[in-house]
Amino acid sequence: MPPYLLGLRLRGRRVLVVGGGRVAQRRVPALLDAGAEVVLVSPEVTPSLQGLAEAGRIAWHARPYRRGDCAGAWLVQAVTDDAKTNGDVVADAEAARIWSVRADDAESSPAWTPASGQAGDATVGVLLGGDPRRAAGIRDAVVDGLRDGALESRNSRRKPSGVALVGGGPGDPGLITVRGRQLLAMADVVVTDRLAPGGLLDELADDVEVIDAAKIPYGRTVTQDKINGYLVEHAKQGKFVVRLKGGDPFVFGRGGEEALHCARNGVPVMVVPGISSSVAVPSAAGIPVTHRGVAQEFHVVSAHVPPGHPESTVDWEALGRARGTLVLMMAVERMALIAPALVRYGRSSDTPVAVVQDGTLPGQRTLTATLGTVADEMAAGGVRPPAIVVVGDVVDVAREIDMIRADLGRDP
């Protein structure tokens with residue numbers, strides 16, 4: 001007969017676990033997550049379980065199981081590597097009418113522990129009577145579908161409302177967060193920008209309205225006021241709106257302006273952080289923005305206006321004196337002005353520079369130069385936006401890594 005599935009709410013309830021090996025190490029954290037008061041009985045335990053005991057999160061009795069240990073428990077787990085002990089534990093629990101799970105013998109176990117997983121507020125449990133590996137495979141498929149949004153329902157009674165500002169990451173669709181992908185799958189309207197991971201739009205249902213709010217440098221653009229209007233207009237029609245942006249909404253993404261506009265118009269707004277291209281793109285190119293003994297700080301700068309421009313709020317003089325890494329965004333068209341300014345304010349003209357174009361995308365390429373040569377080399381190389389400029393000695397760390405990799409690939 002199939003088992004009767006039931007979700008146990010264990011907050012504040014005593015659960016006895018007999019055995020301190022690998023099975024216990026897997027099950028105890030899940031019991032703690034459910035709020036159970038875990039009592040562990042075992043002469044020896046794994047280091048992780050000992051750490052939980054020393055932290056006061058579980059009560060550990062360092063001895064063999066004794067008759068009567070089941071008293072007061074709501075659930076018992078028999079997970080030792082000794083069949084006789086497990087049988088004794090289950091028999092005692094049965095006599096006391098306490099549900100028990102026997103890890104070593106499914107047929108003799110009054111209850112079974114499902115292959116379980118969590119995706120947001122959904123708990124998934126799969127039982128396949130004696131085939132735990134198949135159960136785990138099905139569990140993984142369902143959890144993955146929930147996490148990437150493939151199984152989310154836009155008609156859910158718990159569907160979000162208002163606007164979600166979702167950071168899509170640096171470009172590769174696989175680098176959006178799990179939460180961002182879930183919300184995208186539930187959207188009625190998606191307002192997207194030029195740097196958002198466009199491949200994700202192909203996965204949307206046919207009736208999802210996609211609004212192109214691209215801002216093309218020196219070309220066609222949608223004003224920020226119009227974008228703000230789209231968000232509020234559609235949200236007030238009862239639609240769930242996702243504003244899909246490249247990188248992180250609050251890192252040079254005008255997400256703060258959009259959040260303020262929604263709040264002022266009474267529209268609920270949530271922010272889903274994204275991986276900022278300011279750190280992700282250098283990483284994808286093998287450049288650590290910090291490195292022990294080389295750079296203890298890094299500065300992320302919007303260079304949409306050059307040094308000396310009346311609209312610039314960047315202290316270029318301080319950046320010239322600093323010795324940390326500089327990560328310049330929106331700097332492609334202005335490097336001929338930025339590089340000399342940094343040299344004038346104290347940076348050596350020999351300072352290494354890397355320019356990473358189309359970071360994390362299939363067409364990613366990296367140009368390396370120095371502050372003294374970078375503007376000319378970018379022009380000669382036809383570098384175009386989007387590109388991230390990294391200034392500092394960490395660029396040489398990336399070169400060293402590449403050289404070691406190349407040497408490892410050579411014949412002795």
# chains A, B, ... in the order shown; residues from 1 in each chain; ligands from 1

$ select_by_dssp --residues "range 67-288 of chain A" --states "strand (DSSP E or B)" --output "MDAnalysis selection string"
chainID A and resid 75:78 99:102 111 115:119 122:126 163:167 169 189:192 209:212 215 221 241:245 247 269:272

$ closest_atom_pairs --of "range 266-343 of chain A" --to "range 234-248 of chain A" --cutoff "7 Å" --atoms "only C-alpha atoms" --output "Markdown table"
| residue | atom | partner | partner_atom | distance |
| --- | --- | --- | --- | --- |
| A:Val267 | CA | A:Ala235 | CA | 6.9 |
| A:Pro273 | CA | A:Asp248 | CA | 5.5 |
| A:Gly274 | CA | A:Asp248 | CA | 4.2 |
| A:Ile275 | CA | A:Gly247 | CA | 5.4 |
| A:Ser276 | CA | A:Gly247 | CA | 4.2 |
| A:Ser277 | CA | A:Gly247 | CA | 5.4 |

$ closest_residue --among "A:Leu8, A:Ala83, A:Met1, A:Val90" --to "Gly129 in chain A" --atoms "only C-alpha atoms"
A:Met1

$ closest_residue --among "A:Ala24, A:Gly162, A:Trp60, A:Ser302" --to "Leu40 in chain A" --atoms "only C-alpha atoms"
A:Trp60

$ select_by_dssp --residues "range 19-175 of chain A" --states "helix (DSSP H, G or I)" --output "ChimeraX atom specification"
/A:22-33,47-54,83-95,106-108,132-147,173-175

$ residues_around --residues "Gly346 in chain A" --least-positions-apart "2" --cutoff "12 Å" --atoms "only C-alpha atoms" --output "PyMOL selection string"
chain A and resi 316-323+339-344+348-351+371

$ write_last_selection --atoms "all heavy atoms" --output "short mmCIF file (atom, residue, chain, number, x, y, z; two decimals), in the first residue's frame"
data_model
loop_
_atom_site.label_atom_id
_atom_site.label_comp_id
_atom_site.auth_asym_id
_atom_site.auth_seq_id
_atom_site.Cartn_x
_atom_site.Cartn_y
_atom_site.Cartn_z
N TRP A 316 38.50 62.59 -9.13
CA TRP A 316 39.53 61.94 -9.92
C TRP A 316 40.92 62.16 -9.33
O TRP A 316 41.79 61.30 -9.45
CB TRP A 316 39.49 62.46 -11.36
CG TRP A 316 38.27 62.00 -12.10
CD1 TRP A 316 37.15 62.71 -12.36
CD2 TRP A 316 38.06 60.70 -12.67
NE1 TRP A 316 36.23 61.95 -13.05
CE2 TRP A 316 36.78 60.70 -13.26
CE3 TRP A 316 38.83 59.53 -12.74
CZ2 TRP A 316 36.25 59.59 -13.90
CZ3 TRP A 316 38.31 58.43 -13.39
CH2 TRP A 316 37.04 58.46 -13.96
N GLU A 317 41.11 63.29 -8.68
CA GLU A 317 42.41 63.54 -8.06
C GLU A 317 42.70 62.52 -6.96
O GLU A 317 43.80 61.99 -6.85
CB GLU A 317 42.46 64.96 -7.51
CG GLU A 317 43.81 65.38 -6.96
CD GLU A 317 43.88 66.84 -6.58
OE1 GLU A 317 42.91 67.58 -6.86
OE2 GLU A 317 44.91 67.24 -6.00
N ALA A 318 41.68 62.23 -6.14
CA ALA A 318 41.85 61.23 -5.08
C ALA A 318 42.08 59.84 -5.67
O ALA A 318 42.90 59.06 -5.16
CB ALA A 318 40.63 61.21 -4.17
N LEU A 319 41.41 59.52 -6.77
CA LEU A 319 41.60 58.22 -7.41
C LEU A 319 43.00 58.10 -8.01
O LEU A 319 43.58 57.02 -8.05
CB LEU A 319 40.54 58.00 -8.49
CG LEU A 319 39.10 57.85 -8.00
CD1 LEU A 319 38.15 57.70 -9.18
CD2 LEU A 319 38.96 56.66 -7.07
N GLY A 320 43.54 59.23 -8.47
CA GLY A 320 44.90 59.21 -8.98
C GLY A 320 45.92 58.93 -7.89
O GLY A 320 46.93 58.27 -8.12
N ARG A 321 45.65 59.43 -6.68
CA ARG A 321 46.57 59.20 -5.56
C ARG A 321 46.40 57.81 -4.96
O ARG A 321 47.32 57.26 -4.36
CB ARG A 321 46.33 60.25 -4.46
CG ARG A 321 46.69 61.67 -4.86
CD ARG A 321 46.76 62.56 -3.63
NE ARG A 321 45.55 62.45 -2.81
CZ ARG A 321 44.50 63.27 -2.95
NH1 ARG A 321 44.51 64.21 -3.90
NH2 ARG A 321 43.44 63.13 -2.17
N ALA A 322 45.20 57.24 -5.08
CA ALA A 322 44.91 55.94 -4.46
C ALA A 322 45.74 54.84 -5.13
O ALA A 322 46.20 54.97 -6.26
CB ALA A 322 43.43 55.62 -4.57
N ARG A 323 45.95 53.76 -4.40
CA ARG A 323 46.72 52.63 -4.94
C ARG A 323 45.86 51.38 -5.12
O ARG A 323 46.36 50.33 -5.49
CB ARG A 323 47.91 52.33 -4.01
CG ARG A 323 48.97 53.43 -4.07
CD ARG A 323 49.59 53.52 -5.47
NE ARG A 323 50.46 54.67 -5.63
CZ ARG A 323 50.08 55.82 -6.20
NH1 ARG A 323 48.85 55.95 -6.65
NH2 ARG A 323 50.93 56.82 -6.34
N ALA A 339 42.48 58.50 -18.81
CA ALA A 339 43.84 57.99 -18.58
C ALA A 339 44.84 59.11 -18.30
O ALA A 339 45.59 59.04 -17.31
CB ALA A 339 44.28 57.14 -19.78
N PRO A 340 44.89 60.19 -19.09
CA PRO A 340 45.82 61.28 -18.78
C PRO A 340 45.53 61.95 -17.44
O PRO A 340 46.47 62.37 -16.74
CB PRO A 340 45.62 62.27 -19.94
CG PRO A 340 45.01 61.47 -21.03
CD PRO A 340 44.20 60.43 -20.37
N ALA A 341 44.24 62.03 -17.08
CA ALA A 341 43.89 62.64 -15.79
C ALA A 341 44.43 61.82 -14.63
O ALA A 341 44.98 62.37 -13.67
CB ALA A 341 42.37 62.80 -15.68
N LEU A 342 44.32 60.51 -14.71
CA LEU A 342 44.84 59.66 -13.64
C LEU A 342 46.36 59.77 -13.54
O LEU A 342 46.92 59.78 -12.44
CB LEU A 342 44.42 58.20 -13.88
CG LEU A 342 42.93 57.90 -13.71
CD1 LEU A 342 42.61 56.47 -14.16
CD2 LEU A 342 42.50 58.09 -12.26
N VAL A 343 47.02 59.85 -14.69
CA VAL A 343 48.48 60.02 -14.68
C VAL A 343 48.85 61.38 -14.09
O VAL A 343 49.78 61.50 -13.28
CB VAL A 343 49.05 59.86 -16.10
CG1 VAL A 343 50.54 60.22 -16.12
CG2 VAL A 343 48.84 58.43 -16.61
N ARG A 344 48.11 62.39 -14.48
CA ARG A 344 48.37 63.74 -13.97
C ARG A 344 48.22 63.81 -12.46
O ARG A 344 48.95 64.53 -11.78
CB ARG A 344 47.41 64.73 -14.65
CG ARG A 344 47.66 66.19 -14.30
CD ARG A 344 46.91 67.12 -15.23
NE ARG A 344 45.46 66.99 -15.16
CZ ARG A 344 44.70 66.45 -16.09
NH1 ARG A 344 45.25 65.95 -17.20
NH2 ARG A 344 43.39 66.36 -15.96
N SER A 348 51.06 56.04 -12.26
CA SER A 348 52.11 55.87 -13.24
C SER A 348 51.51 55.56 -14.61
O SER A 348 50.51 54.84 -14.72
CB SER A 348 53.05 54.74 -12.82
OG SER A 348 53.93 54.39 -13.87
N SER A 349 52.15 56.08 -15.65
CA SER A 349 51.69 55.77 -17.00
C SER A 349 51.88 54.30 -17.34
O SER A 349 51.29 53.79 -18.29
CB SER A 349 52.42 56.64 -18.02
OG SER A 349 53.81 56.38 -17.99
N ASP A 350 52.72 53.60 -16.55
CA ASP A 350 52.94 52.16 -16.76
C ASP A 350 51.93 51.29 -16.00
O ASP A 350 52.03 50.05 -16.04
CB ASP A 350 54.35 51.78 -16.31
CG ASP A 350 55.43 52.40 -17.18
OD1 ASP A 350 55.16 52.59 -18.38
OD2 ASP A 350 56.52 52.70 -16.66
N THR A 351 50.98 51.90 -15.29
CA THR A 351 49.98 51.13 -14.55
C THR A 351 49.23 50.19 -15.49
O THR A 351 48.70 50.63 -16.52
CB THR A 351 48.97 52.06 -13.85
OG1 THR A 351 49.67 52.94 -12.98
CG2 THR A 351 47.95 51.25 -13.06
N LEU A 371 48.15 52.65 -18.71
CA LEU A 371 47.46 53.94 -18.76
C LEU A 371 48.01 54.82 -19.88
O LEU A 371 47.27 55.62 -20.47
CB LEU A 371 47.61 54.67 -17.41
CG LEU A 371 46.58 54.33 -16.34
CD1 LEU A 371 46.86 55.12 -15.06
CD2 LEU A 371 45.15 54.62 -16.82
#

$ atom_distance --atom1 "CA of Leu183 in chain A" --atom2 "CA of Pro170 in chain A"
18.1 Å

$ atom_distance --atom1 "CA of Gln118 in chain A" --atom2 "CA of Arg9 in chain A"
15.3 Å

$ residues_around --residues "Asp358 in chain A" --least-positions-apart "5" --cutoff "9 Å" --atoms "only C-alpha atoms" --output "list in words"
Pro170, Gly171, Val281, Gly363, Gln364, Arg365, Arg384, Pro385, Pro386, Ala387 and Ile388 of chain A

$ write_last_selection --atoms "N, CA and C atoms" --output "compact mmCIF listing (two decimals), in the first residue's frame"
# COMPACT_ATOMS: atom_id res chain seq x y z
N PRO A 170 25.45 40.13 -15.03
CA PRO A 170 26.34 40.79 -15.99
C PRO A 170 26.10 40.46 -17.45
N GLY A 171 25.20 39.55 -17.77
CA GLY A 171 24.91 39.26 -19.17
C GLY A 171 24.58 37.81 -19.44
N VAL A 281 32.46 40.89 -14.19
CA VAL A 281 33.18 40.89 -15.47
C VAL A 281 34.69 40.75 -15.26
N GLY A 363 30.99 36.27 -26.72
CA GLY A 363 31.95 37.10 -27.43
C GLY A 363 32.92 37.85 -26.54
N GLN A 364 33.02 37.46 -25.29
CA GLN A 364 33.91 38.18 -24.36
C GLN A 364 35.34 38.22 -24.90
N ARG A 365 35.97 39.40 -24.79
CA ARG A 365 37.38 39.52 -25.15
C ARG A 365 38.04 40.55 -24.24
N ARG A 384 34.16 48.53 -28.12
CA ARG A 384 32.86 49.21 -28.06
C ARG A 384 32.15 48.81 -26.77
N PRO A 385 31.16 49.62 -26.35
CA PRO A 385 30.38 49.24 -25.16
C PRO A 385 29.52 48.01 -25.47
N PRO A 386 29.16 47.23 -24.42
CA PRO A 386 29.53 47.40 -23.02
C PRO A 386 30.92 46.82 -22.73
N ALA A 387 31.69 47.55 -21.97
CA ALA A 387 33.01 47.10 -21.58
C ALA A 387 33.35 47.65 -20.21
N ILE A 388 34.10 46.90 -19.46
CA ILE A 388 34.57 47.29 -18.14
C ILE A 388 36.07 47.52 -18.21

$ residues_around --residues "range 287-301 of chain A" --least-positions-apart "6" --cutoff "6 Å" --atoms "only C-alpha atoms" --output "PyMOL selection string"
chain A and resi 324-328+395+398

$ residues_around --residues "Pro306 in chain A" --least-positions-apart "4" --cutoff "10 Å" --atoms "only C-alpha atoms" --output "PyMOL selection string"
chain A and resi 302+310-312+314+316+331+333-338+341

$ atom_distance --atom1 "CA of Thr370 in chain A" --atom2 "CA of Leu408 in chain A"
27.2 Å

$ residues_around --residues "Gly72 in chain A" --least-positions-apart "5" --cutoff "10 Å" --atoms "only C-alpha atoms" --output "JSON, numbers by chain"
{"A": [13, 14, 15, 16, 96, 98]}

$ decode --residues "range 192-210 of chain A" --atoms "N, CA and C atoms" --output "short mmCIF file (atom, residue, chain, number, x, y, z; two decimals), in the first residue's frame"
data_model
loop_
_atom_site.label_atom_id
_atom_site.label_comp_id
_atom_site.auth_asym_id
_atom_site.auth_seq_id
_atom_site.Cartn_x
_atom_site.Cartn_y
_atom_site.Cartn_z
N THR A 192 12.30 45.71 -19.78
CA THR A 192 13.68 45.27 -19.85
C THR A 192 14.58 46.35 -20.41
N ASP A 193 15.87 46.28 -20.09
CA ASP A 193 16.80 47.25 -20.65
C ASP A 193 17.82 46.57 -21.55
N ARG A 194 18.71 47.36 -22.13
CA ARG A 194 19.64 46.86 -23.15
C ARG A 194 20.62 45.84 -22.60
N LEU A 195 21.02 45.99 -21.33
CA LEU A 195 22.04 45.12 -20.76
C LEU A 195 21.47 43.94 -19.99
N ALA A 196 20.15 43.81 -19.94
CA ALA A 196 19.53 42.67 -19.27
C ALA A 196 19.78 41.41 -20.10
N PRO A 197 19.82 40.23 -19.46
CA PRO A 197 20.05 38.98 -20.21
C PRO A 197 18.86 38.65 -21.11
N GLY A 198 18.96 39.03 -22.37
CA GLY A 198 17.84 38.89 -23.30
C GLY A 198 17.40 37.47 -23.53
N GLY A 199 18.31 36.50 -23.37
CA GLY A 199 17.94 35.12 -23.59
C GLY A 199 16.82 34.64 -22.70
N LEU A 200 16.67 35.27 -21.53
CA LEU A 200 15.60 34.87 -20.61
C LEU A 200 14.23 35.26 -21.13
N LEU A 201 14.16 36.24 -22.01
CA LEU A 201 12.86 36.68 -22.52
C LEU A 201 12.22 35.61 -23.39
N ASP A 202 13.04 34.78 -24.03
CA ASP A 202 12.49 33.71 -24.87
C ASP A 202 11.74 32.67 -24.06
N GLU A 203 11.99 32.61 -22.76
CA GLU A 203 11.35 31.61 -21.91
C GLU A 203 10.00 32.08 -21.37
N LEU A 204 9.65 33.34 -21.61
CA LEU A 204 8.40 33.86 -21.07
C LEU A 204 7.20 33.32 -21.84
N ALA A 205 6.05 33.24 -21.15
CA ALA A 205 4.81 32.83 -21.81
C ALA A 205 4.43 33.84 -22.89
N ASP A 206 3.68 33.37 -23.90
CA ASP A 206 3.35 34.23 -25.05
C ASP A 206 2.55 35.47 -24.65
N ASP A 207 1.76 35.38 -23.57
CA ASP A 207 0.91 36.51 -23.22
C ASP A 207 1.57 37.50 -22.27
N VAL A 208 2.86 37.30 -21.96
CA VAL A 208 3.57 38.27 -21.13
C VAL A 208 3.95 39.46 -22.00
N GLU A 209 3.60 40.65 -21.55
CA GLU A 209 3.93 41.86 -22.30
C GLU A 209 5.37 42.27 -21.99
N VAL A 210 6.18 42.39 -23.03
CA VAL A 210 7.58 42.80 -22.87
C VAL A 210 7.74 44.21 -23.43
#
